[in-house]
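S.K.: Please read through the structure below; I'll follow up with questions.
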Amino acid sequence: MNRLATIAILLALGGPALAAEETYRGDHVAVTYTGVDKAYPVAMARTISTARALAVSEFGFDMPETVSLRVVCGLQEQTRLFTDGRDQFTLTVSAEKDLRKPSESGIWHLYGMCHELGHLAQYRLITRHDWLTTAGAEGWAHYLGSRLVDGVYAREGAELWPDTYDYRADGTARLTQQLASAQPGEVTTGAGLWQELAKIVGDKGIASIFKAWGQLEVDPADPGPALQKMLTAVNKDARLAAWWKKAEPVLVKKREKSAFTAKTIALKDLSGKPTELTHDDGAAAGKASMAGSGHAVRFEVPAGDWYLTAVAVYGSAYGSAGPGDTLHVWLCDEDFKAIADFTLPYAAFQRGAAKWVPLRVAPTRVPPKFIVCVGFNPSASKGVFVSHDKEGSGNSLSGLPGEEARPFTKGDWMIRAQVDQAKTARRK
C-alpha cells in the first residue's frame with residue numbers, strides 16, 4: 001500500500017480514459033478489467049476466491065464478503081498491485097504481456113494476489129497498524145501469502161494460470177529457500193518470525209492474537225509492553241516469551257516522544273485573538289495524497305508561551321471513508337518528535353472542490369520552533385488531497401512523527417497553524 005500512492009489516487013478517481021471495462025464475477029470476488037484477455041481475470045478471480053476461502057477456513061480470519069480487483073492495462077507505468085486494506089485490490093500493467101508467467105514477465109501475479117490477501121487478513125483485524133514495521137506488515141503478508149499459494153495449488157492444480165507453470169515454487173518452498181540465505185532481508189526475516197509464531201499457537205491462533213491487538217490503544221513511543229501483555233493473555237504457551245523477545249525488535253516500531261511537555265490550557269483562558277502562522281501564498285498549484293506518510297510544516301512563534309488551537313488544511317476528500325474513520329494532527333518539536341496527537345473525524349473533509357478546513361484541537365503549548373503534521377492514512381478507496389502552492393519556502397515536509405522527515409520541494413503545503421496566548425500574557 002505505502003509505495004503506491006500516486007497510482008492509487010489516480011484509480012480512486014476513475015483513472016484515465018481507457019477501453020470500456022468488463023467485470024467477471026466469481027465466488028466472493030469481482031474482477032473489473034480492461035485491455036486484457038478474459039483468461040487472466042478469470043484466473044485472478046479463481047486465485048482470490050480460493051485463497052480467501054482458505055484464509056477463512058484454515059487460518060480463521062475475517063475476510064470481506066466480496067474482494068474487488070480492478071485491472072487496468074495501458075498505463076505507462078510499471079506493474080503495481082496494492083490493496084486498500086479493506087476489500088479492494090488494484091493492479092496496473094502497461095501491456096498484457098506483463099501478466100504472463102514469472103519466467104517470462106518477471107512478475108509473480110498469482111503470489112501477489114495471495115500476498116495482498118495476507119494484508120487484508122491482518123489490517124481488517126488491526127486497523128491501527130502504524131506500530132508495525134515493514135518486516136511486521138510485509139513479512140506477515142509474505143508468510144501468509146506463501147501459505148495461501150500452497151493451498152491454492154492443492155485445490156486448483158497446475159492449470160490455474162493461462163500460461164501454465166508450476167507456481168508451487170512461489171509458495172512456502174521459496175520462503176524456505178529465502179530463510180536459508182546468509183542475508184534474508186527484513187521482509188523475509190519478518191515472515192520467518194510469523195512462521196515461528198504459527199508453529200507455537202497454530203494456524204488459527206494468530207487471528208485471535210491480531211484481533212486482540214486490534215482492540216488495543218498502544219503507546220506509539222513504546223507499543224511493545226501492551227502488545228506483549230495482550231499476547232500472553234490470549235495464549236498461555238510458555239514459548240511465547242522467548243518468541244516475543246526475538247520478534248519485538250523486528251516487528252514493532254517505536255516512535256520516540258518529544259521531551260517537550262504537552263501542557264494544555266482551557267479555551268476560556270486564552271485571549272481569543274489568535275495569530276495565524278503560514279508559509280503558503282494562498283494559491284493552490286497542485287495537490288497530493290501521501291500513502292504511508294503525512295503532510296508536515298515547520299513553524300516558529302515569537303517569545304512567550306503560545307498554544308496551538310487549530311490547524312487549517314486546504315484540501316478535499318476522495319473515495320468513501322467509513323463513519324468511524326479518523327485522521328491525525330500531530331504537534332511535534334523541531335526534531336519531528338511528537339508532543340501531542342489529536343484524533344479527528346475524516347468527515348471534516350468533503351468531496352468536491354478544495355476548501356479551507358479548520359481542525360480544532362485542545363489548546364496545547366508549543367515550543368519556539370515546532371512542526372505540525374497531518375496524517376490521513378489514505379488508500380485507493382479513501383483519502384484527502386492536500387493542496388500546495390507553487391514556490392516552496394523550505395518549510396514543508398513529508399513523513400510521520402518519530403521518523404526522518406523528507407523535504408517537500410514542489411511548493412508549500414497549504415497548512416496553517418493557529419496559535420494564541422493566555423489572557424494574562426496578552427496584557428503584558
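Within each chain, counting starts at residue 1; across the C-alpha cells, chains are named A, B, ... in the order shown, with ligands numbered 1 upward in that order.
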Stretch 175-375 of chain A: which residues are helix (DSSP H, G or I) by DSSP, as a PyMOL selection string?
M.R.: chain A and resi 175-179+186-201+205-214+224-234+240-251+267-269+346-348
S.K.: Any chance you can output those residues with C-alpha atoms as a CSV table (one decimal), in the first residue's frame?
M.R.:
chain,number,residue,atom,x,y,z
A,175,LEU,CA,10.2,-18.7,1.6
A,176,THR,CA,12.2,-21.7,3.0
A,177,GLN,CA,14.9,-21.0,0.5
A,178,GLN,CA,15.0,-17.3,1.3
A,179,LEU,CA,15.2,-18.0,5.1
A,186,GLU,CA,13.9,-7.6,6.7
A,187,VAL,CA,10.7,-8.9,4.9
A,188,THR,CA,11.9,-12.5,4.9
A,189,THR,CA,13.1,-12.2,8.5
A,190,GLY,CA,9.6,-10.9,9.5
A,191,ALA,CA,8.0,-13.8,7.6
A,192,GLY,CA,10.2,-16.3,9.4
A,193,LEU,CA,9.1,-14.8,12.8
A,194,TRP,CA,5.4,-15.1,11.9
A,195,GLN,CA,6.1,-18.6,10.7
A,196,GLU,CA,7.6,-19.4,14.1
A,197,LEU,CA,4.6,-17.9,15.9
A,198,ALA,CA,2.2,-20.1,13.8
A,199,LYS,CA,4.2,-23.2,14.9
A,200,ILE,CA,3.6,-22.2,18.6
A,201,VAL,CA,-0.1,-21.1,18.5
A,205,GLY,CA,-4.1,-18.9,16.7
A,206,ILE,CA,-2.7,-15.8,15.0
A,207,ALA,CA,-6.1,-14.5,14.1
A,208,SER,CA,-7.2,-14.3,17.7
A,209,ILE,CA,-3.9,-12.5,18.6
A,210,PHE,CA,-4.4,-10.0,15.8
A,211,LYS,CA,-8.0,-9.4,16.9
A,212,ALA,CA,-6.8,-8.7,20.5
A,213,TRP,CA,-4.0,-6.4,19.3
A,214,GLY,CA,-6.5,-4.5,17.1
A,224,GLY,CA,5.8,-3.4,23.0
A,225,PRO,CA,4.6,-3.8,26.6
A,226,ALA,CA,0.9,-3.5,25.8
A,227,LEU,CA,1.3,-5.9,22.8
A,228,GLN,CA,3.2,-8.5,24.9
A,229,LYS,CA,0.7,-8.3,27.7
A,230,MET,CA,-2.2,-9.0,25.4
A,231,LEU,CA,-0.3,-11.7,23.6
A,232,THR,CA,0.3,-13.7,26.7
A,233,ALA,CA,-3.3,-13.0,27.9
A,234,VAL,CA,-4.7,-14.5,24.6
A,240,LEU,CA,5.8,-17.1,23.6
A,241,ALA,CA,8.1,-15.2,26.0
A,242,ALA,CA,11.2,-16.3,24.0
A,243,TRP,CA,9.5,-15.7,20.7
A,244,TRP,CA,8.4,-12.1,21.7
A,245,LYS,CA,11.9,-11.3,22.9
A,246,LYS,CA,13.2,-12.1,19.5
A,247,ALA,CA,10.3,-10.7,17.5
A,248,GLU,CA,9.6,-7.4,19.1
A,249,PRO,CA,12.7,-5.6,17.9
A,250,VAL,CA,12.0,-6.7,14.3
A,251,LEU,CA,8.2,-6.4,14.1
A,267,LEU,CA,-10.1,27.7,25.8
A,268,LYS,CA,-11.7,30.3,28.1
A,269,ASP,CA,-8.3,31.3,29.4
A,346,TYR,CA,-12.5,12.1,8.5
A,347,ALA,CA,-15.9,13.6,7.9
A,348,ALA,CA,-14.3,17.1,8.4
S.K.: At a cut-off of 10 Å, can you tabulate as a tab-separated table every residue of stretch 306-417 of chain A near stretch 76-96 of chain A together with its closest atom pair and the distance in Å to one decimal, using only C-alpha atoms and ordering rows by chain then number?
M.R.:
residue	atom	partner	partner_atom	distance
A:Pro378	CA	A:Asp84	CA	8.2
A:Ser379	CA	A:Asp84	CA	5.0
A:Ala380	CA	A:Asp84	CA	5.6
A:Ser381	CA	A:Asp84	CA	6.3
A:Lys382	CA	A:Asp84	CA	8.2
S.K.: How would you write, as an MDAnalysis selection string, the set of residues in stretch 137-295 of chain A that DSSP gives as strand (DSSP E or B)?
M.R.: chainID A and resid 252 257 264 270 275:277 286:288 295
S.K.: Got a sec: who's within 7 Å of stretch 44-57 of chain A, counting only C-alpha atoms, leaving out chain neighbours fewer than 4 positions off, as a PyMOL selection string?
M.R.: chain A and resi 26-31+40+61-63+110+113-114+117+148+152
S.K.: Neighbouring residues of A:Ser398 were defined as those with any atom within 9 Å, considering only C-alpha atoms; residues of the same chain fewer than 6 positions away were excluded. Please report them as a PyMOL selection string.
M.R.: chain A and resi 290+293-297+373+405-408
S.K.: Can you spit out the residues from that selection as a short mmCIF file (atom, residue, chain, number, x, y, z; two decimals), in the first residue's frame, using C-alpha atoms?
M.R.:
data_model
loop_
_atom_site.label_atom_id
_atom_site.label_comp_id
_atom_site.auth_asym_id
_atom_site.auth_seq_id
_atom_site.Cartn_x
_atom_site.Cartn_y
_atom_site.Cartn_z
CA MET A 290 0.53 10.74 0.93
CA SER A 293 3.22 9.28 5.12
CA GLY A 294 1.95 12.65 6.26
CA HIS A 295 1.95 16.34 5.32
CA ALA A 296 4.09 18.43 7.67
CA VAL A 297 5.05 22.11 8.01
CA CYS A 373 1.86 17.08 10.77
CA ALA A 405 11.16 13.86 7.70
CA ARG A 406 11.77 14.36 3.98
CA PRO A 407 11.77 17.82 2.37
CA PHE A 408 8.75 18.51 0.16
#
S.K.: Find the residue from A:Ala154, A:Leu160, A:Val384, A:Trp306 that sits nearest to A:Thr326; use only C-alpha atoms when measuring.
M.R.: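 Checking each candidate against A:Thr326, we get A:Val384 as the closest.
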S.K.: If I take atom CA of A:Thr261 and atom CA of A:Leu327, how far is one from the other in Å, to one decimal?
M.R.: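 Between atom CA of A:Thr261 and atom CA of A:Leu327 the gap works out to 22.8 Å.
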S.K.: Between A:Ala288, A:Ala20, A:Val42, A:Val361, single out the one closest to A:Met414, counting only C-alpha atoms.
M.R.: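 Of A:Ala288, A:Ala20, A:Val42, A:Val361, the one nearest A:Met414, counting only C-alpha atoms, is A:Ala288.
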S.K.: When distances are computed from only C-alpha atoms, which of A:Asp163, A:Tyr111, A:Arg168, A:Asp333 shows the smallest separation from A:Ala141?
M.R.: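 Closest residue, counting only C-alpha atoms: A:Tyr111.
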S.K.: Can you work out the spacing between atom CA of A:Gly106 and atom CA of A:Cys73 in Å, to one decimal?
M.R.: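 Value for the atom CA of A:Gly106-atom CA of A:Cys73 distance: 16.8 Å.
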S.K.: Smallest atom-to-atom distance to A:Lys38: which of A:Val386, A:Leu400, A:Leu99, A:Ala135, using only C-alpha atoms?
M.R.: A:Leu99
